[in-house]
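my_file_23.txt (compact mmCIF, C-alpha atoms)
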```
# COMPACT_ATOMS: atom_id res chain seq x y z
CA MET Q 1 -58.01 19.07 -43.69
CA ALA Q 2 -55.46 16.83 -41.97
CA ASN Q 3 -55.90 13.07 -42.07
CA ASP Q 4 -57.31 11.42 -38.97
CA TYR Q 5 -54.21 9.21 -38.84
CA PHE Q 6 -50.59 9.08 -39.97
CA GLN Q 7 -48.99 5.71 -40.65
CA PHE Q 8 -45.33 5.26 -39.77
CA ARG Q 9 -43.26 2.13 -40.32
CA GLN Q 10 -43.78 0.60 -36.86
CA PHE Q 11 -46.78 2.47 -35.46
CA CYS Q 12 -49.80 4.53 -36.42
CA ILE Q 13 -50.72 7.93 -35.01
CA HIS Q 14 -54.44 8.71 -34.82
CA GLN Q 15 -54.96 12.43 -34.27
CA SER Q 16 -58.63 13.39 -34.67
CA ARG Q 17 -58.91 14.34 -30.99
CA CYS Q 18 -55.65 16.30 -30.81
CA ALA Q 19 -55.34 20.03 -31.50
CA MET Q 20 -51.86 19.64 -33.00
CA LYS Q 21 -51.51 17.10 -35.77
CA VAL Q 22 -48.46 15.15 -36.88
CA GLY Q 23 -45.98 17.58 -38.40
CA THR Q 24 -42.38 18.02 -39.39
CA ASP Q 25 -41.37 19.60 -36.05
CA GLY Q 26 -42.27 16.55 -33.97
CA THR Q 27 -40.78 14.14 -36.47
CA LEU Q 28 -37.53 16.11 -36.58
CA LEU Q 29 -37.20 16.14 -32.80
CA GLY Q 30 -38.12 12.48 -32.35
CA ALA Q 31 -35.50 11.44 -34.89
CA TRP Q 32 -32.76 13.84 -33.70
CA ALA Q 33 -32.91 13.96 -29.88
CA HIS Q 34 -30.58 11.93 -27.72
CA GLY Q 35 -32.24 9.45 -25.38
CA GLY Q 36 -31.40 7.14 -22.50
CA GLN Q 37 -33.01 4.54 -20.28
CA ARG Q 38 -35.53 7.01 -18.81
CA ILE Q 39 -37.04 9.54 -21.21
CA LEU Q 40 -39.65 12.23 -20.55
CA ASP Q 41 -41.71 13.82 -23.33
CA ILE Q 42 -43.22 17.12 -22.11
CA GLY Q 43 -46.39 18.08 -24.00
CA THR Q 44 -46.66 14.70 -25.70
CA GLY Q 45 -49.79 15.50 -27.75
CA THR Q 46 -50.52 12.51 -29.99
CA GLY Q 47 -47.63 10.56 -28.42
CA LEU Q 48 -45.60 10.77 -31.64
CA ILE Q 49 -42.26 11.78 -30.11
CA ALA Q 50 -42.65 9.37 -27.20
CA LEU Q 51 -43.18 6.49 -29.64
CA MET Q 52 -40.28 7.57 -31.85
CA MET Q 53 -37.96 7.63 -28.84
CA ALA Q 54 -39.21 4.20 -27.75
CA GLN Q 55 -38.48 2.84 -31.23
CA ARG Q 56 -34.98 4.35 -31.33
CA TYR Q 57 -33.99 3.35 -27.79
CA SER Q 58 -35.05 -0.25 -27.29
CA ASP Q 59 -34.06 -0.36 -23.60
CA ALA Q 60 -35.79 2.91 -22.71
CA HIS Q 61 -38.87 3.53 -20.63
CA VAL Q 62 -40.64 6.62 -21.95
CA THR Q 63 -43.12 8.80 -20.07
CA GLY Q 64 -45.24 11.29 -21.98
CA ILE Q 65 -47.16 14.00 -20.12
CA ASP Q 66 -49.74 16.48 -21.36
CA ILE Q 67 -52.20 18.86 -19.75
CA SER Q 68 -54.94 18.08 -22.29
CA GLU Q 69 -57.37 15.30 -21.38
CA GLU Q 70 -58.26 14.70 -25.04
CA ALA Q 71 -54.64 14.54 -26.17
CA VAL Q 72 -53.75 12.14 -23.36
CA ALA Q 73 -56.64 9.83 -24.22
CA GLN Q 74 -55.63 9.76 -27.88
CA ALA Q 75 -51.94 9.25 -27.10
CA GLN Q 76 -52.80 6.38 -24.76
CA GLU Q 77 -54.74 4.72 -27.59
CA ASN Q 78 -51.84 5.23 -30.01
CA VAL Q 79 -49.39 3.73 -27.53
CA ALA Q 80 -51.66 0.77 -26.71
CA ALA Q 81 -51.84 -0.12 -30.42
CA SER Q 82 -48.05 0.13 -30.90
CA PRO Q 83 -45.30 -2.48 -30.38
CA PHE Q 84 -43.93 -0.33 -27.53
CA ALA Q 85 -46.95 -0.30 -25.20
CA GLU Q 86 -45.09 -1.96 -22.32
CA ARG Q 87 -42.36 0.71 -22.33
CA VAL Q 88 -44.40 3.91 -22.76
CA ASP Q 89 -46.65 5.58 -20.18
CA ILE Q 90 -48.90 8.52 -21.06
CA LEU Q 91 -50.11 10.64 -18.13
CA GLN Q 92 -52.34 13.68 -17.80
CA ARG Q 93 -50.06 15.99 -15.85
CA ASP Q 94 -49.16 19.66 -15.72
CA VAL Q 95 -45.36 19.91 -15.86
CA ALA Q 96 -45.57 22.75 -13.32
CA ASP Q 97 -46.29 20.26 -10.54
CA TYR Q 98 -45.24 16.95 -12.08
CA GLN Q 99 -43.11 14.82 -9.76
CA ALA Q 100 -41.07 11.75 -10.71
CA THR Q 101 -39.55 9.09 -8.46
CA GLU Q 102 -36.26 9.16 -10.42
CA LYS Q 103 -34.44 11.70 -12.56
CA PHE Q 104 -34.65 11.32 -16.34
CA ASP Q 105 -31.72 10.60 -18.66
CA ALA Q 106 -33.32 12.62 -21.44
CA ILE Q 107 -36.16 15.10 -21.80
CA VAL Q 108 -37.72 16.04 -25.13
CA SER Q 109 -40.29 18.72 -25.89
CA ASN Q 110 -41.96 20.27 -28.91
CA PRO Q 111 -43.29 23.20 -26.87
CA PRO Q 112 -45.93 25.82 -27.69
CA TYR Q 113 -44.25 28.86 -29.20
CA PHE Q 114 -46.84 31.59 -29.88
CA THR Q 115 -46.52 34.44 -27.38
CA ASP Q 116 -48.36 37.50 -28.71
CA ALA Q 117 -50.49 35.99 -31.48
CA LEU Q 118 -54.28 35.98 -31.26
CA HIS Q 119 -55.76 32.99 -29.45
CA SER Q 120 -57.83 30.43 -31.29
CA PRO Q 121 -61.47 29.99 -30.23
CA ASP Q 122 -60.54 26.31 -29.80
CA LYS Q 123 -59.26 25.96 -26.22
CA GLU Q 124 -57.30 22.76 -27.01
CA ARG Q 125 -55.55 24.42 -29.95
CA THR Q 126 -54.67 27.45 -27.87
CA MET Q 127 -53.07 25.22 -25.19
CA ALA Q 128 -51.06 23.38 -27.83
CA ARG Q 129 -49.82 26.46 -29.70
CA HIS Q 130 -49.53 29.29 -27.15
CA THR Q 131 -47.06 29.59 -24.30
CA ASP Q 132 -49.74 30.54 -21.74
CA THR Q 133 -49.69 27.09 -20.10
CA LEU Q 134 -46.05 26.21 -20.81
CA THR Q 135 -43.65 29.14 -20.97
CA TYR Q 136 -40.05 28.65 -22.00
CA ARG Q 137 -38.99 29.62 -18.48
CA MET Q 138 -41.22 26.98 -16.92
CA LEU Q 139 -39.99 24.38 -19.40
CA MET Q 140 -36.37 25.12 -18.55
CA ASP Q 141 -36.85 25.36 -14.77
CA ARG Q 142 -38.85 22.14 -14.55
CA SER Q 143 -36.52 20.31 -16.94
CA TRP Q 144 -33.58 21.26 -14.73
CA GLN Q 145 -35.36 19.75 -11.73
CA LEU Q 146 -36.42 16.56 -13.56
CA LEU Q 147 -33.22 15.87 -15.53
CA GLY Q 148 -30.31 13.80 -14.23
CA ASP Q 149 -26.85 15.39 -13.92
CA GLU Q 150 -25.59 13.79 -17.14
CA GLY Q 151 -28.90 14.06 -18.99
CA GLU Q 152 -29.84 16.08 -22.06
CA LEU Q 153 -32.85 18.27 -22.85
CA SER Q 154 -33.81 18.53 -26.53
CA VAL Q 155 -36.36 20.92 -28.06
CA VAL Q 156 -37.50 22.18 -31.45
CA VAL Q 157 -38.48 25.83 -31.96
CA PRO Q 158 -38.96 28.32 -34.80
CA THR Q 159 -35.70 30.12 -35.52
CA ASP Q 160 -37.15 33.44 -34.37
CA CYS Q 161 -37.75 31.88 -30.93
CA LYS Q 162 -34.22 30.50 -30.68
CA GLY Q 163 -32.75 33.44 -28.77
CA LEU Q 164 -35.50 33.43 -26.14
CA MET Q 165 -35.21 29.67 -25.60
CA GLU Q 166 -31.42 29.93 -25.24
CA SER Q 167 -31.74 32.81 -22.77
CA GLU Q 168 -34.16 30.90 -20.57
CA ALA Q 169 -31.88 27.86 -20.72
CA VAL Q 170 -28.93 29.91 -19.46
CA LEU Q 171 -31.02 31.39 -16.65
CA ALA Q 172 -31.99 27.88 -15.55
CA GLY Q 173 -28.33 26.81 -15.50
CA PHE Q 174 -28.10 24.89 -18.78
CA PHE Q 175 -25.30 24.84 -21.34
CA LYS Q 176 -26.11 24.45 -25.05
CA CYS Q 177 -24.47 21.32 -26.41
CA ARG Q 178 -26.14 20.76 -29.80
CA GLU Q 179 -27.70 23.05 -32.41
CA TRP Q 180 -29.11 22.15 -35.80
CA LEU Q 181 -30.73 24.68 -38.15
CA VAL Q 182 -33.35 23.26 -40.52
CA ARG Q 183 -34.42 24.74 -43.86
CA THR Q 184 -37.51 23.80 -45.86
CA SER Q 185 -35.23 23.77 -48.91
CA GLU Q 186 -31.56 24.43 -49.61
CA ARG Q 187 -32.22 27.93 -50.97
CA LYS Q 188 -34.37 29.20 -48.10
CA PRO Q 189 -33.28 30.52 -44.69
CA PRO Q 190 -33.64 28.19 -41.69
CA LYS Q 191 -37.19 28.00 -40.30
CA ARG Q 192 -36.69 25.61 -37.40
CA CYS Q 193 -33.97 25.02 -34.86
CA LEU Q 194 -33.20 21.84 -32.97
CA LEU Q 195 -31.50 22.62 -29.66
CA ALA Q 196 -30.06 20.42 -26.92
CA PHE Q 197 -28.91 21.48 -23.45
CA ALA Q 198 -26.92 19.82 -20.68
CA LYS Q 199 -26.18 20.66 -17.05
CA HIS Q 200 -22.43 20.75 -17.63
CA PRO Q 201 -20.34 22.30 -20.44
CA ARG Q 202 -19.76 20.06 -23.47
CA SER Q 203 -18.25 20.57 -26.89
CA LEU Q 204 -20.88 22.31 -29.00
CA GLU Q 205 -22.12 20.35 -32.01
CA ARG Q 206 -23.55 22.49 -34.82
CA GLY Q 207 -25.01 21.74 -38.21
CA GLU Q 208 -27.59 22.60 -40.84
CA GLY Q 209 -29.90 20.57 -43.04
CA ALA Q 210 -32.87 20.87 -45.37
CA LEU Q 211 -36.10 18.90 -45.51
CA ASN Q 212 -35.49 18.02 -49.17
CA SER Q 213 -31.94 16.79 -48.54
CA ALA Q 214 -30.21 13.45 -48.07
CA TRP Q 215 -29.65 14.47 -44.42
CA TYR Q 216 -33.39 14.49 -43.70
CA GLN Q 217 -33.98 11.25 -45.59
CA GLU Q 218 -31.25 9.55 -43.56
CA LEU Q 219 -32.52 11.04 -40.29
CA THR Q 220 -36.09 9.79 -40.78
CA LYS Q 221 -35.56 6.63 -42.83
CA ASP Q 222 -36.59 4.30 -39.97
CA PHE Q 223 -39.95 6.06 -39.56
CA TYR Q 224 -41.48 7.13 -42.86
CA LEU Q 225 -43.01 4.55 -45.18
```
Could you rewrite the structure in this file as structure tokens?
Amino acid sequence: MANDYFQFRQFCIHQSRCAMKVGTDGTLLGAWAHGGQRILDIGTGTGLIALMMAQRYSDAHVTGIDISEEAVAQAQENVAASPFAERVDILQRDVADYQATEKFDAIVSNPPYFTDALHSPDKERTMARHTDTLTYRMLMDRSWQLLGDEGELSVVVPTDCKGLMESEAVLAGFFKCREWLVRTSERKPPKRCLLAFAKHPRSLERGEGALNSAWYQELTKDFYL
């Protein structure tokens, strides 16, 4: 059973009311994604990635949105107890009809990725894990509308979902600008993929790393105790 909280260096994530607990995917994305002065976290869950981006980008204002009432309430509590409360807003919104007064410099998302798997009896867990309420196409189309011309969209997906995510990005008009394959250990094939997209062509940055490597320790050193 997962702990009810996860203590990071500068903030604590309580998660008893959230379907998806703190995991490697969110931590990877929060430590890897590029930011800016206005950052949007789509499907914020516990608020982990929103808080990581606020810690990394001290001049940023971060908005986290989620469709789940329980997740939003928990994320709001996590933000309120953090040193970044004045720079992070958590809202209960469906990205399908979310409107912002200004475009964002960066968008981050750890999206649901199950498509054909059986649904959980837990409605909150189904929303967090299945693409029913947030398809890759919707994520890409709405991100295109919400992102500034020079902004960057960053996501984390299982490697077997990489092709679908990239296809939907192209259909929306995006160009891939960063790609990082992540292994659980040096000897195993990549299990996760960090992807970043921009509205204009850029030089493509590629790399690989493992969770038991110096790369991961360096990436997350400002967060883990």
Quick one: residues within 9 Å of Q:Arg38, all atoms listed in the file, excluding same-chain residues fewer than 6 positions away - as a list in words? Asp59, Ala60, His61, Val62, Thr63, Glu102, Lys103, Phe104, Asp105, Ala106 and Ile107 of chain Q
Got time to write the residues from that selection, C-alpha atoms, as an mmCIF file, in the frame of the given file?
```
data_model
loop_
_atom_site.group_PDB
_atom_site.id
_atom_site.type_symbol
_atom_site.label_atom_id
_atom_site.label_comp_id
_atom_site.auth_asym_id
_atom_site.auth_seq_id
_atom_site.Cartn_x
_atom_site.Cartn_y
_atom_site.Cartn_z
ATOM 1 C CA ASP Q 59 -34.060 -0.360 -23.600
ATOM 2 C CA ALA Q 60 -35.790 2.910 -22.710
ATOM 3 C CA HIS Q 61 -38.870 3.530 -20.630
ATOM 4 C CA VAL Q 62 -40.640 6.620 -21.950
ATOM 5 C CA THR Q 63 -43.120 8.800 -20.070
ATOM 6 C CA GLU Q 102 -36.260 9.160 -10.420
ATOM 7 C CA LYS Q 103 -34.440 11.700 -12.560
ATOM 8 C CA PHE Q 104 -34.650 11.320 -16.340
ATOM 9 C CA ASP Q 105 -31.720 10.600 -18.660
ATOM 10 C CA ALA Q 106 -33.320 12.620 -21.440
ATOM 11 C CA ILE Q 107 -36.160 15.100 -21.800
#
```
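Counting only C-alpha atoms and comparing Q:Arg202, Q:Arg142, Q:Arg56, Q:Lys176, the residue that lies closest to Q:Ala31 is Q:Arg56.
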Within 12 Å of Q:Ser82, counting all atoms listed in the file, which residues qualify if same-chain residues fewer than 3 places away don't, as a PyMOL selection string? chain Q and resi 7-14+47-48+50-52+54-55+75-79+85-88
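Proximity ranking of Q:Thr159, Q:Thr220, Q:Thr44, Q:Gln74 relative to Q:Arg17 places Q:Gln74 first, based on all atoms listed in the file.
Put simply, atom CA of Q:Ala100 is 20.1 Å away from atom CA of Q:Phe197.
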Using all atoms listed in the file, tabulate the residues of stretch 133-190 of chain Q lying at most 12 Å from any atom of stretch 24-30 of chain Q, each with its closest atom pair and that distance in Å to one decimal, by chain and increasing residue number, as CSV.
```
residue,atom,partner,partner_atom,distance
Q:Leu153,CA,Q:Leu29,CA,11.1
Q:Ser154,CA,Q:Leu29,CA,7.5
Q:Val155,CA,Q:Leu29,CA,6.8
Q:Val156,CA,Q:Leu29,CA,6.2
Q:Val157,CA,Q:Asp25,CA,8.0
Q:Pro158,CA,Q:Asp25,CA,9.1
Q:Thr159,CA,Q:Asp25,CA,12.0
Q:Glu179,CA,Q:Leu29,CA,11.8
Q:Trp180,CA,Q:Leu28,CA,10.4
Q:Leu181,CA,Q:Leu28,CA,11.1
Q:Val182,CA,Q:Leu28,CA,9.2
Q:Arg183,CA,Q:Thr24,CA,11.3
Q:Thr184,CA,Q:Thr24,CA,9.9
```
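Taking atom CA of Q:Val72 and atom CA of Q:Asp94 as the two end points, the separation is 11.7 Å.
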note - atom CA of Q:Ser109 and atom CA of Q:Ala33 are separated by 9.6 Å
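The smallest atom-to-atom distance between Q:Met165 and any of Q:Ser213, Q:Gln37, Q:Thr135, Q:Gln99, using all atoms listed in the file, is found for Q:Thr135.
In terms of minimum interatomic distance to Q:Lys199, Q:Ala172 ranks closest within Q:Asp160, Q:Leu225, Q:Arg93, Q:Ala172, counting all atoms listed in the file.
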Which polymer residues, whether protein, DNA or RNA, lie within 10 Å of the coordinate (-39.3, 25.2, -21.6) when you count only C-alpha atoms? List them as a ChimeraX atom specification, using the chain letters and numbers from the file. /Q:42,95,108-113,131,134-144,153-155,165-166,168-169,172
Q:Gln92 proximity check over Q:Leu204, Q:Leu211, Q:Ile67, Q:Arg192, using all atoms listed in the file: winner is Q:Ile67
